[in-house]
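Written out below as structure tokens is the structure these notes cover.
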Amino acid sequence: MLCVIQQLMPVHHHTVRAIRQPLLLGCSASSSSSSSLSFSALHFYCFLATPAAERELSLMKMLVVLLLLLAVSNAVEIDGEDDEKPCDNKLTLEPRPHSVSILEFGAVGDGKTLNTLAFQNAIFYLKSFADKGGAQLYVPPGRWLTGSFNLTSHLTLFLEKDAVILGSQDPSHWEIVEPLPSYGRGIELPGRRYRSLINGYMLHDVVITGDNGTINGQGSVWWDWFSSQSLNYSRPHLVEFVMSKYVVVSNLTFVNAPAYNIHPVYCSNVHVLNISVSAPPDSPHTVGIVPDSSDTVCIEDCIIGMGYDAIALKSGWDEYGIAYGRPTTNVHIRHVTLQSATGSSLALGSEMSGGISNVHVEQVRLHNSISGIQFRTTKGRGGYIKDIIISDVEVENIYMAFGASGQFGSHPDDKYDPNALPVLDHITLQDVVGTNITIAGCFTGIEESPFTSFCLSNISLSLNSASPTTWDCSYVSGSSESVFPEPCSDLNTSYSNPSSAHISLLTGNGKAVVL
């Protein structure tokens, strides 16, 4: 099976004409500047370009190249425009023409006075500026205790340096709300859930930023209640946006969330930039950033260390996620450092019933975690995880570098369809270097719906002496090239067999084109 990963940066219609010329097959990677193609480390095409090699190529190999070029040409002509990955297309943050301080609404930053009403009144007042260019709510240095409150459109919440928003540890200060429709119930308990500390519902153009101010959930009491099973509703998150567009969270520190830190659900155009997120290693099921049934998401320049997952992509739970039918797609993650005490540095699923696709992860460091990268699902989920490209990864002090499980997670109730089988297809892992790894990978698919087209290339993992095994595979198929230690035979089909070629390309907007 042939595994060739090419990245197409913005390609113009004149590039299509260049693609159809023989000069594309030049041996120098620098020639990509004339054709707008960037070449991968697999110099397969340089080999093809030499006259001697051309005489030795089989007809099948030549067809593979022609199909590749045709796929590129068709992809460009269909898109017809210069789509970029989300992190390449920055949202412009214009200064708000109006600004007020939380002090003007009677807030007291002593860490003891409850300021929920001050936040609510300030945001209600600023709502009147929505059609006047929007407004900013300024939070000066201090410790501002509050219960949950809602934001409004065309608003910037700005936390000055040494400003700390503290989540109240009194559960009566957190409103009880209905569960998300794609989950059908609370994540942790049946029924309703606690509203998050800072919320946005059906908003447009909203920013939470600052000069490295802090949002502290004071989650220790919630962790104790969760562990002792004394909660009546599922725990709240720190920040949650629902059905919102053009959302930015940047330049802040998030600590001690009761559960998730940042949860955009049913959202579009979400940018999370330059934030630090942390919780103690023993904090139960705390998660950093959770894009959920959302599209066009950028996560960039973040440092995250959590009790469970650092970043987790989701899209609904079993029959509720299938019925809601909104995928997480067009996600771009780069320049992040991730750590997970008991979960995975980067997780996809297991609640993925609406589908997860077109995800591009690059230039990431994963360290001191149980699992580095994990794909999760189980029977009854339905949905799919497909067209995922993860590249340029540094993995250090990880028990299991890669994982894919078809037996992961529970069900919301007994109404799920056990015949709703998930699909995992066209997953690419490339350019990975790992040190002090115990297990290279564990890929356990589903017998009735095996995982397909896993593509591994240019991976070097240094295993420690405690390693019980290198790879463990079942009900999975794929290809590999330049992988150490050598993967299991299910993933060891190389491109020496062109008749079973799998060609995966990534276009400028993060979408994969697969033959």
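Residue numbering restarts at 1 for every chain of the structure tokens, chains are lettered A, B, ... in their displayed order, and ligands are numbered from 1 as they appear.
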| said: Neighbouring residues of Asn274 in chain A were defined as those with any atom within 6 Å, considering only C-alpha atoms; residues of the same chain fewer than 3 positions away were excluded. Please report them as a PyMOL selection string. | reply: chain A and resi 250-251+301-302
Atoms to include: N, CA and C atoms. Write the selected residues as a short mmCIF file (atom, residue, chain, number, x, y, z; two decimals), in the first residue's frame.
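The new file part.cif reads:
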data_model
loop_
_atom_site.label_atom_id
_atom_site.label_comp_id
_atom_site.auth_asym_id
_atom_site.auth_seq_id
_atom_site.Cartn_x
_atom_site.Cartn_y
_atom_site.Cartn_z
N SER A 250 -7.89 34.10 24.35
CA SER A 250 -6.44 34.28 24.16
C SER A 250 -5.80 34.97 25.36
N ASN A 251 -4.50 34.74 25.50
CA ASN A 251 -3.65 35.49 26.43
C ASN A 251 -4.14 35.42 27.88
N ASP A 301 -0.35 27.74 20.05
CA ASP A 301 0.53 28.35 21.05
C ASP A 301 -0.04 28.22 22.46
N CYS A 302 -0.41 26.99 22.83
CA CYS A 302 -0.99 26.74 24.15
C CYS A 302 -0.13 25.73 24.91
#
| request: Quick one: everything within 10 Å of Ile459 in chain A, counting only C-alpha atoms, minus sequence neighbours fewer than 5 positions away in the same chain. Send it as a PyMOL selection string. | output: chain A and resi 391-393+429-434+480-486
| Within 8 Å of Ser268 in chain A using only C-alpha atoms, minus same-chain residues under 5 positions, as a VMD selection string | chain A and resid 243 to 247 294 to 297
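Proximity to Leu189 in chain A was assessed for A:Leu456, A:Leu231, A:Ala323, A:Ile304 counting only C-alpha atoms; the smallest distance is recorded for A:Leu231.
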| task | Identify all residues of range 225-371 of chain A in strand (DSSP E or B) (DSSP on the backbone) and supply them as a VMD selection string. | result | chain A and resid 234 239 to 242 245 to 250 252 to 255 260 to 265 268 to 273 276 to 278 287 to 289 292 295 to 300 303 to 306 311 to 314 328 to 340 344 to 348 356 to 371
| Quick one: residues within 10 Å of Phe124 in chain A, only C-alpha atoms counted, chain neighbours fewer than 6 positions away excluded, as an MDAnalysis selection string? | chainID A and resid 118 150:152
| field | Sel. of alpha helix (DSSP H) residues, range 191-316 of chain A, as a VMD selection string | value | chain A and resid 220 to 227
Using N, CA, C and O atoms, can you export the residues from the last selection as a PDB file, in the first residue's frame?
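again-v6.pdb, written as the output of this step:
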ATOM      1  N   SER A 220     -11.448  22.202  43.428  1.00  0.00           N
ATOM      2  CA  SER A 220     -11.157  21.110  44.371  1.00  0.00           C
ATOM      3  C   SER A 220     -12.420  20.576  45.041  1.00  0.00           C
ATOM      4  O   SER A 220     -12.538  19.354  45.261  1.00  0.00           O
ATOM      5  N   VAL A 221     -13.376  21.464  45.357  1.00  0.00           N
ATOM      6  CA  VAL A 221     -14.601  20.970  46.006  1.00  0.00           C
ATOM      7  C   VAL A 221     -15.417  20.126  45.029  1.00  0.00           C
ATOM      8  O   VAL A 221     -16.031  19.118  45.419  1.00  0.00           O
ATOM      9  N   TRP A 222     -15.415  20.509  43.764  1.00  0.00           N
ATOM     10  CA  TRP A 222     -16.141  19.745  42.749  1.00  0.00           C
ATOM     11  C   TRP A 222     -15.495  18.377  42.545  1.00  0.00           C
ATOM     12  O   TRP A 222     -16.191  17.374  42.330  1.00  0.00           O
ATOM     13  N   TRP A 223     -14.166  18.329  42.581  1.00  0.00           N
ATOM     14  CA  TRP A 223     -13.474  17.050  42.428  1.00  0.00           C
ATOM     15  C   TRP A 223     -13.817  16.109  43.587  1.00  0.00           C
ATOM     16  O   TRP A 223     -14.033  14.912  43.371  1.00  0.00           O
ATOM     17  N   ASP A 224     -13.872  16.674  44.797  1.00  0.00           N
ATOM     18  CA  ASP A 224     -14.227  15.846  45.961  1.00  0.00           C
ATOM     19  C   ASP A 224     -15.660  15.330  45.841  1.00  0.00           C
ATOM     20  O   ASP A 224     -15.924  14.148  46.115  1.00  0.00           O
ATOM     21  N   TRP A 225     -16.592  16.207  45.449  1.00  0.00           N
ATOM     22  CA  TRP A 225     -17.980  15.785  45.293  1.00  0.00           C
ATOM     23  C   TRP A 225     -18.114  14.726  44.202  1.00  0.00           C
ATOM     24  O   TRP A 225     -18.872  13.771  44.343  1.00  0.00           O
ATOM     25  N   PHE A 226     -17.354  14.906  43.104  1.00  0.00           N
ATOM     26  CA  PHE A 226     -17.392  13.929  42.011  1.00  0.00           C
ATOM     27  C   PHE A 226     -16.856  12.579  42.484  1.00  0.00           C
ATOM     28  O   PHE A 226     -17.465  11.528  42.232  1.00  0.00           O
ATOM     29  N   SER A 227     -15.735  12.600  43.159  1.00  0.00           N
ATOM     30  CA  SER A 227     -15.112  11.343  43.603  1.00  0.00           C
ATOM     31  C   SER A 227     -15.952  10.614  44.634  1.00  0.00           C
ATOM     32  O   SER A 227     -15.967   9.378  44.686  1.00  0.00           O
TER      33      SER A 227
END
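Across A:Gly213, A:Pro140, A:Pro468, A:Gly134, the tightest approach to Ile102 in chain A is made by A:Pro140 when counting only C-alpha atoms.
Of the listed residues (A:Asn261, A:Asn368, A:Thr286, A:Thr378), A:Thr378 comes nearest to Asp318 in chain A; the distances count only C-alpha atoms.
Between CA of Gly111 in chain A and CA of Leu145 in chain A the interatomic distance comes to 5.4 Å.
Interatomic distance, CA of Val139 in chain A to CA of Ile299 in chain A: 24.5 Å.
For the pair CA of Thr435 in chain A and CA of Pro487 in chain A, the interatomic distance is 16.7 Å.
Distances here use only C-alpha atoms; by that measure, the residue among A:Val287, A:Val476, A:Ala259, A:Val270 closest to Val242 in chain A is A:Val270.
For the set A:His173, A:Lys132, A:His335, A:Arg365, the residue with the smallest atom-to-atom gap to Val272 in chain A is A:His335, counting only C-alpha atoms.
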| request: Name all residues at most 10 Å from Ala404 in chain A (count only C-alpha atoms; drop same-chain ones fewer than 2 positions away) and give them as a PyMOL selection string. | output: chain A and resi 347-348+373-377+402+406-408+424+441-445+451+473+476
| request: Write out as a list in words each polymer residue whose atoms come within 10 Å of Ser344 in chain A, counting only C-alpha atoms; drop sequence neighbours fewer than 3 positions from it. | output: Val287, Met306, Gly307, Tyr308, Asp309, Ala310, Ile311, Ala312, Leu338, Gln339, Ser340, Ala341, Ala347, Leu348, Leu366, Ser369, Ile370, Ser371, Gly372, Ile373, Gln374, Phe375, Ile398, Met400, Ala401, Phe402 and Gly403 of chain A
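Among the candidate residues A:Gly382, A:Gly106, A:Pro236, A:Pro141, the one lying nearest to Gly321 in chain A is A:Gly382, with distances computed using only C-alpha atoms.
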